[in-house]
>>> print(open('input.pdb').read())   # PDB, C-alpha atoms
MODEL        1
ATOM      1  CA  MET Z   1       1.127  -9.636   9.248
ATOM      2  CA  ILE Z   2      -2.097  -8.835   7.499
ATOM      3  CA  ILE Z   3      -3.425  -5.802   5.671
ATOM      4  CA  ASP Z   4      -5.590  -3.586   7.882
ATOM      5  CA  LEU Z   5      -5.943  -0.481   5.747
ATOM      6  CA  ILE Z   6      -9.141   1.333   4.870
ATOM      7  CA  ILE Z   7      -9.154   2.789   1.376
ATOM      8  CA  ASP Z   8     -10.838   6.116   2.035
ATOM      9  CA  LYS Z   9     -10.854   7.665  -1.400
ATOM     10  CA  LEU Z  10      -9.705   6.787  -4.904
ATOM     11  CA  THR Z  11      -8.016  10.001  -5.928
ATOM     12  CA  PRO Z  12      -5.196  10.562  -8.432
ATOM     13  CA  CYS Z  13      -3.302  12.617  -5.845
ATOM     14  CA  LEU Z  14      -3.503  13.032  -2.093
ATOM     15  CA  GLU Z  15      -6.207  15.381  -0.912
ATOM     16  CA  GLU Z  16      -5.712  17.524   2.163
ATOM     17  CA  ILE Z  17      -8.867  17.007   4.205
ATOM     18  CA  SER Z  18      -8.986  20.454   5.819
ATOM     19  CA  THR Z  19      -8.636  22.447   2.584
ATOM     20  CA  GLY Z  20      -9.540  20.110  -0.273
ATOM     21  CA  ASN Z  21      -6.179  20.961  -1.865
ATOM     22  CA  ILE Z  22      -4.650  18.291  -4.088
ATOM     23  CA  PHE Z  23      -0.980  17.302  -3.844
ATOM     24  CA  GLN Z  24       1.112  15.306  -6.310
ATOM     25  CA  THR Z  25       2.865  12.246  -4.908
ATOM     26  CA  THR Z  26       6.072  10.364  -5.411
ATOM     27  CA  PHE Z  27       7.381   7.048  -4.134
ATOM     28  CA  SER Z  28      10.744   5.412  -3.605
ATOM     29  CA  VAL Z  29      12.425   2.670  -1.614
ATOM     30  CA  ALA Z  30      12.458   3.539   2.078
ATOM     31  CA  LYS Z  31      15.881   3.735   3.706
ATOM     32  CA  VAL Z  32      16.663   1.727   6.836
ATOM     33  CA  ASP Z  33      17.349   4.842   8.893
ATOM     34  CA  GLU Z  34      13.943   6.258   7.923
ATOM     35  CA  LEU Z  35      12.196   3.023   8.899
ATOM     36  CA  SER Z  36      14.021   2.771  12.232
ATOM     37  CA  ARG Z  37      12.569   6.128  13.379
ATOM     38  CA  LEU Z  38       8.936   5.258  12.696
ATOM     39  CA  GLN Z  39       7.914   3.421  15.871
ATOM     40  CA  ALA Z  40       9.007   6.402  17.953
ATOM     41  CA  ASN Z  41       6.542   8.423  15.848
ATOM     42  CA  ASN Z  42       3.538   6.183  16.647
ATOM     43  CA  TRP Z  43       3.520   3.961  13.563
ATOM     44  CA  ASN Z  44       1.730   0.684  14.303
ATOM     45  CA  PHE Z  45       4.163  -1.743  12.698
ATOM     46  CA  ASN Z  46       7.850  -2.405  13.154
ATOM     47  CA  TRP Z  47       9.079  -1.752   9.630
ATOM     48  CA  THR Z  48      12.594  -2.960  10.493
ATOM     49  CA  ASP Z  49      11.390  -6.406  11.585
ATOM     50  CA  ASN Z  50      13.553  -9.216  10.147
ATOM     51  CA  GLU Z  51      10.387 -10.743   8.702
ATOM     52  CA  LEU Z  52      10.248  -7.819   6.255
ATOM     53  CA  SER Z  53      13.905  -8.077   5.175
ATOM     54  CA  ARG Z  54      13.118  -9.801   1.866
ATOM     55  CA  TYR Z  55      10.435  -7.285   0.907
ATOM     56  CA  ASN Z  56      10.742  -4.108  -1.103
ATOM     57  CA  ILE Z  57       9.499  -1.362   1.216
ATOM     58  CA  TYR Z  58       8.262   1.747  -0.549
ATOM     59  CA  LYS Z  59       7.441   5.102   0.982
ATOM     60  CA  LEU Z  60       4.784   7.436  -0.358
ATOM     61  CA  GLN Z  61       5.492  11.148  -0.066
ATOM     62  CA  LEU Z  62       4.173  14.401  -1.373
ATOM     63  CA  LYS Z  63       6.257  15.735  -4.227
ATOM     64  CA  ASN Z  64       9.082  17.908  -2.852
ATOM     65  CA  ASP Z  65       8.399  16.847   0.754
ATOM     66  CA  ASP Z  66      10.313  14.454   3.042
ATOM     67  CA  ILE Z  67       7.421  13.376   5.281
ATOM     68  CA  ILE Z  68       6.352   9.772   4.748
ATOM     69  CA  GLN Z  69       2.589   9.547   4.133
ATOM     70  CA  GLY Z  70       2.433   5.741   3.973
ATOM     71  CA  LEU Z  71       4.462   2.569   3.469
ATOM     72  CA  VAL Z  72       3.949  -0.673   1.590
ATOM     73  CA  ALA Z  73       6.012  -3.877   1.767
ATOM     74  CA  ALA Z  74       5.800  -5.962  -1.399
ATOM     75  CA  GLU Z  75       7.614  -9.148  -2.381
ATOM     76  CA  VAL Z  76       8.132 -10.435  -5.886
ATOM     77  CA  VAL Z  77       7.111 -14.084  -5.946
ATOM     78  CA  ARG Z  78       6.603 -16.527  -8.796
ATOM     79  CA  GLY Z  79       4.111 -14.864 -11.137
ATOM     80  CA  ALA Z  80       2.830 -12.189  -8.773
ATOM     81  CA  VAL Z  81       3.572  -9.538  -6.191
ATOM     82  CA  HIS Z  82       2.604 -10.243  -2.587
ATOM     83  CA  ILE Z  83       1.617  -7.191  -0.555
ATOM     84  CA  ARG Z  84       2.777  -8.149   2.918
ATOM     85  CA  LEU Z  85       1.989  -4.957   4.752
ATOM     86  CA  ALA Z  86       0.614  -1.485   4.077
ATOM     87  CA  GLU Z  87       0.233   1.335   6.567
ATOM     88  CA  SER Z  88      -0.832   4.958   6.428
ATOM     89  CA  ALA Z  89       1.191   7.386   8.529
ATOM     90  CA  PRO Z  90      -0.397   8.030  11.942
ATOM     91  CA  HIS Z  91      -1.399  11.550  10.847
ATOM     92  CA  ASN Z  92      -3.422   9.991   7.979
ATOM     93  CA  ILE Z  93      -5.544   7.689  10.148
ATOM     94  CA  GLY Z  94      -8.847   8.377  11.876
ATOM     95  CA  LYS Z  95     -11.338  11.190  11.783
ATOM     96  CA  ASN Z  96      -8.661  13.894  12.108
ATOM     97  CA  LYS Z  97      -6.388  12.586   9.369
ATOM     98  CA  LYS Z  98      -4.499  15.060   7.228
ATOM     99  CA  TYR Z  99      -4.707  13.432   3.769
ATOM    100  CA  SER Z 100      -7.094  11.049   2.036
ATOM    101  CA  GLY Z 101      -6.084   8.671  -0.721
ATOM    102  CA  VAL Z 102      -3.000   7.138   0.913
ATOM    103  CA  GLY Z 103      -4.201   3.519   1.000
ATOM    104  CA  GLY Z 104      -5.096   3.384  -2.676
ATOM    105  CA  HIS Z 105      -1.727   4.862  -3.595
ATOM    106  CA  LEU Z 106       0.077   2.155  -1.610
ATOM    107  CA  PHE Z 107      -1.750  -0.595  -3.497
ATOM    108  CA  ALA Z 108      -0.996   1.205  -6.773
ATOM    109  CA  ILE Z 109       2.739   1.127  -5.977
ATOM    110  CA  ALA Z 110       2.581  -2.670  -5.571
ATOM    111  CA  ILE Z 111       0.649  -2.921  -8.842
ATOM    112  CA  LYS Z 112       3.353  -0.850 -10.575
ATOM    113  CA  LEU Z 113       5.933  -3.288  -9.210
ATOM    114  CA  SER Z 114       3.903  -6.195 -10.592
ATOM    115  CA  ASN Z 115       3.796  -4.505 -14.008
ATOM    116  CA  ALA Z 116       7.551  -3.906 -13.940
ATOM    117  CA  MET Z 117       8.152  -7.587 -13.191
ATOM    118  CA  GLY Z 118       5.986  -8.678 -16.120
ATOM    119  CA  PHE Z 119       2.987  -9.838 -14.034
ATOM    120  CA  ASN Z 120       0.504  -7.376 -15.591
ATOM    121  CA  GLY Z 121      -0.384  -5.809 -12.249
ATOM    122  CA  TYR Z 122      -1.467  -9.010 -10.482
ATOM    123  CA  VAL Z 123      -1.075  -8.735  -6.693
ATOM    124  CA  PHE Z 124      -2.305 -10.706  -3.706
ATOM    125  CA  PHE Z 125      -2.562  -9.996   0.009
ATOM    126  CA  ASP Z 126      -4.227 -11.095   3.249
ATOM    127  CA  ALA Z 127      -7.018  -8.914   4.633
ATOM    128  CA  LYS Z 128      -7.488  -8.686   8.392
ATOM    129  CA  ASN Z 129     -11.207  -9.498   8.536
ATOM    130  CA  MET Z 130     -14.418  -9.910   6.532
ATOM    131  CA  LYS Z 131     -15.249  -6.203   6.769
ATOM    132  CA  LEU Z 132     -11.989  -5.421   4.943
ATOM    133  CA  VAL Z 133     -12.609  -8.225   2.435
ATOM    134  CA  ASP Z 134     -15.870  -6.500   1.517
ATOM    135  CA  HIS Z 135     -14.120  -3.118   1.458
ATOM    136  CA  TYR Z 136     -11.348  -4.278  -0.919
ATOM    137  CA  THR Z 137     -13.884  -6.060  -3.116
ATOM    138  CA  GLU Z 138     -15.987  -2.915  -3.426
ATOM    139  CA  ASN Z 139     -13.138  -0.413  -3.856
ATOM    140  CA  PHE Z 140     -10.566  -2.409  -5.849
ATOM    141  CA  GLY Z 141     -12.508  -5.229  -7.437
ATOM    142  CA  ALA Z 142     -10.401  -7.612  -5.341
ATOM    143  CA  ASN Z 143     -11.467 -11.247  -5.063
ATOM    144  CA  ARG Z 144     -11.019 -13.814  -2.330
ATOM    145  CA  ILE Z 145      -8.733 -16.704  -3.165
ATOM    146  CA  PRO Z 146      -9.754 -20.035  -1.639
ATOM    147  CA  THR Z 147      -6.682 -21.262   0.218
ATOM    148  CA  ARG Z 148      -5.654 -22.851   3.483
ATOM    149  CA  VAL Z 149      -2.824 -20.354   3.867
ATOM    150  CA  HIS Z 150      -5.084 -17.523   5.065
ATOM    151  CA  ILE Z 151      -8.854 -17.343   5.390
ATOM    152  CA  PHE Z 152      -8.981 -13.814   3.940
ATOM    153  CA  ARG Z 153      -6.417 -14.130   1.118
ATOM    154  CA  MET Z 154      -7.317 -11.811  -1.748
ATOM    155  CA  GLU Z 155      -6.117 -10.910  -5.221
ATOM    156  CA  ILE Z 156      -6.399  -7.977  -7.548
ATOM    157  CA  ASN Z 157      -6.427  -9.430 -11.032
ATOM    158  CA  GLU Z 158      -4.728  -7.926 -14.048
ATOM    159  CA  ILE Z 159      -7.813  -6.133 -15.378
ATOM    160  CA  ASN Z 160      -8.756  -4.491 -12.078
ATOM    161  CA  ALA Z 161      -5.108  -3.647 -11.426
ATOM    162  CA  GLN Z 162      -4.816  -1.706 -14.668
ATOM    163  CA  GLU Z 163      -8.079   0.117 -13.915
ATOM    164  CA  LEU Z 164      -6.654   1.171 -10.552
ATOM    165  CA  LEU Z 165      -3.444   2.442 -12.111
ATOM    166  CA  GLU Z 166      -5.466   4.630 -14.445
ATOM    167  CA  LYS Z 167      -6.791   6.471 -11.369
ATOM    168  CA  TYR Z 168      -3.389   7.365  -9.909
ATOM    169  CA  THR Z 169      -0.636   9.716 -11.045
ATOM    170  CA  LEU Z 170       2.281   8.134  -9.237
ATOM    171  CA  GLU Z 171       5.850   9.044 -10.030
ATOM    172  CA  GLY Z 172       8.689   7.124  -8.540
ATOM    173  CA  ASP Z 173      11.515   4.650  -8.631
ATOM    174  CA  LEU Z 174      10.839   0.973  -7.943
ATOM    175  CA  ASN Z 175      14.549   0.092  -7.585
ATOM    176  CA  VAL Z 176      13.620  -3.591  -7.348
ATOM    177  CA  ARG Z 177      15.955  -5.933  -5.522
TER     178      ARG Z 177
ENDMDL
END
>>> encode(input="input.pdb", output="structure tokens")
Amino acid sequence: MIIDLIIDKLTPCLEEISTGNIFQTTFSVAKVDELSRLQANNWNFNWTDNELSRYNIYKLQLKNDDIIQGLVAAEVVRGAVHIRLAESAPHNIGKNKKYSGVGGHLFAIAIKLSNAMGFNGYVFFDAKNMKLVDHYTENFGANRIPTRVHIFRMEINEINAQELLEKYTLEGDLNVR
């Protein structure tokens, strides 16, 4: 699985496209029963896939609302956090999306996890294509990592990670396993 997520706007909260209203967000570990219902609701990825079983899967929601706005799967590895998968809810994709800012929030959750584990925000991930490599470089200050593992492997270093966290007002519980 590779990251195929356009970061539409760096905003401290989610912005409702139709009104411009700003909404506070929260995040927490997604429950298995929540994840099992997603494919029936047109999510692209199977969030209950065994391949994701070792990852912490976090859901992004509006404060005081149960609707999942996006998900991120992040694994704590030696010295870093690996973002395995990130997805905006179907209603937050495309020209008729409801909220902007979801993608950046998902990356910020993984960066918070990295901070909590003592890695100073360092994260890495695999982008889907060169267009996204350029997008993540421009929006997050991400860098490509030369490796044979994946042609589009990227990192967000500690400095850029902390700058990103300064842009977001995320409240939540990492509940790391």
>>> closest_atom_pairs(input="input.pdb", of="region 75-141 of chain Z", to="region 158-162 of chain Z", cutoff="10 Å", atoms="all atoms listed in the file", output="CSV")
residue,atom,partner,partner_atom,distance
Z:Phe107,CA,Z:Ala161,CA,9.1
Z:Ala108,CA,Z:Ala161,CA,7.9
Z:Ala110,CA,Z:Ala161,CA,9.7
Z:Ile111,CA,Z:Ala161,CA,6.4
Z:Lys112,CA,Z:Ala161,CA,9.0
Z:Ser114,CA,Z:Ala161,CA,9.4
Z:Asn115,CA,Z:Gln162,CA,9.1
Z:Phe119,CA,Z:Glu158,CA,7.9
Z:Asn120,CA,Z:Glu158,CA,5.5
Z:Gly121,CA,Z:Glu158,CA,5.2
Z:Tyr122,CA,Z:Glu158,CA,5.0
Z:Val123,CA,Z:Ala161,CA,8.0
Z:Phe140,CA,Z:Asn160,CA,6.8
Z:Gly141,CA,Z:Asn160,CA,6.0
>>> atom_distance(input="input.pdb", atom1="CA of Ile93 (chain Z)", atom2="CA of Glu16 (chain Z)")
12.7 Å
>>> resolve_selection(input="input.pdb", expression="the PyMOL selection byres ((chain Z and resi 59) around 7)", output="PyMOL selection string")
chain Z and resi 27-30+57-58+60-61+68+70-72
>>> atom_distance(input="input.pdb", atom1="CA of Ala89 (chain Z)", atom2="CA of Gln69 (chain Z)")
5.1 Å
>>> closest_residue(input="input.pdb", among="Z:Thr169, Z:Asn157, Z:Asn50, Z:Ser18", to="Lys97 (chain Z)", atoms="only C-alpha atoms")
Z:Ser18
>>> atom_distance(input="input.pdb", atom1="CA of Thr48 (chain Z)", atom2="CA of Val32 (chain Z)")
7.2 Å
>>> closest_residue(input="input.pdb", among="Z:Asn92, Z:Phe23, Z:Arg153, Z:Lys63", to="Asn42 (chain Z)", atoms="all atoms listed in the file")
Z:Asn92
>>> residues_around(input="input.pdb", residues="region 124-128 of chain Z", least_positions_apart="5", cutoff="12 Å", atoms="only C-alpha atoms", output="mmCIF file with C-alpha atoms, in the frame of the given file")
data_model
loop_
_atom_site.group_PDB
_atom_site.id
_atom_site.type_symbol
_atom_site.label_atom_id
_atom_site.label_comp_id
_atom_site.auth_asym_id
_atom_site.auth_seq_id
_atom_site.Cartn_x
_atom_site.Cartn_y
_atom_site.Cartn_z
ATOM 1 C CA MET Z 1 1.127 -9.636 9.248
ATOM 2 C CA ILE Z 2 -2.097 -8.835 7.499
ATOM 3 C CA ILE Z 3 -3.425 -5.802 5.671
ATOM 4 C CA ASP Z 4 -5.590 -3.586 7.882
ATOM 5 C CA LEU Z 5 -5.943 -0.481 5.747
ATOM 6 C CA ILE Z 6 -9.141 1.333 4.870
ATOM 7 C CA VAL Z 72 3.949 -0.673 1.590
ATOM 8 C CA ALA Z 73 6.012 -3.877 1.767
ATOM 9 C CA ALA Z 74 5.800 -5.962 -1.399
ATOM 10 C CA GLU Z 75 7.614 -9.148 -2.381
ATOM 11 C CA VAL Z 76 8.132 -10.435 -5.886
ATOM 12 C CA VAL Z 77 7.111 -14.084 -5.946
ATOM 13 C CA ARG Z 78 6.603 -16.527 -8.796
ATOM 14 C CA GLY Z 79 4.111 -14.864 -11.137
ATOM 15 C CA ALA Z 80 2.830 -12.189 -8.773
ATOM 16 C CA VAL Z 81 3.572 -9.538 -6.191
ATOM 17 C CA HIS Z 82 2.604 -10.243 -2.587
ATOM 18 C CA ILE Z 83 1.617 -7.191 -0.555
ATOM 19 C CA ARG Z 84 2.777 -8.149 2.918
ATOM 20 C CA LEU Z 85 1.989 -4.957 4.752
ATOM 21 C CA ALA Z 86 0.614 -1.485 4.077
ATOM 22 C CA PHE Z 107 -1.750 -0.595 -3.497
ATOM 23 C CA ALA Z 110 2.581 -2.670 -5.571
ATOM 24 C CA ILE Z 111 0.649 -2.921 -8.842
ATOM 25 C CA SER Z 114 3.903 -6.195 -10.592
ATOM 26 C CA PHE Z 119 2.987 -9.838 -14.034
ATOM 27 C CA VAL Z 133 -12.609 -8.225 2.435
ATOM 28 C CA ASP Z 134 -15.870 -6.500 1.517
ATOM 29 C CA HIS Z 135 -14.120 -3.118 1.458
ATOM 30 C CA TYR Z 136 -11.348 -4.278 -0.919
ATOM 31 C CA THR Z 137 -13.884 -6.060 -3.116
ATOM 32 C CA PHE Z 140 -10.566 -2.409 -5.849
ATOM 33 C CA ALA Z 142 -10.401 -7.612 -5.341
ATOM 34 C CA ASN Z 143 -11.467 -11.247 -5.063
ATOM 35 C CA ARG Z 144 -11.019 -13.814 -2.330
ATOM 36 C CA ILE Z 145 -8.733 -16.704 -3.165
ATOM 37 C CA PRO Z 146 -9.754 -20.035 -1.639
ATOM 38 C CA THR Z 147 -6.682 -21.262 0.218
ATOM 39 C CA ARG Z 148 -5.654 -22.851 3.483
ATOM 40 C CA VAL Z 149 -2.824 -20.354 3.867
ATOM 41 C CA HIS Z 150 -5.084 -17.523 5.065
ATOM 42 C CA ILE Z 151 -8.854 -17.343 5.390
ATOM 43 C CA PHE Z 152 -8.981 -13.814 3.940
ATOM 44 C CA ARG Z 153 -6.417 -14.130 1.118
ATOM 45 C CA MET Z 154 -7.317 -11.811 -1.748
ATOM 46 C CA GLU Z 155 -6.117 -10.910 -5.221
ATOM 47 C CA ILE Z 156 -6.399 -7.977 -7.548
ATOM 48 C CA ASN Z 157 -6.427 -9.430 -11.032
ATOM 49 C CA GLU Z 158 -4.728 -7.926 -14.048
ATOM 50 C CA ALA Z 161 -5.108 -3.647 -11.426
#
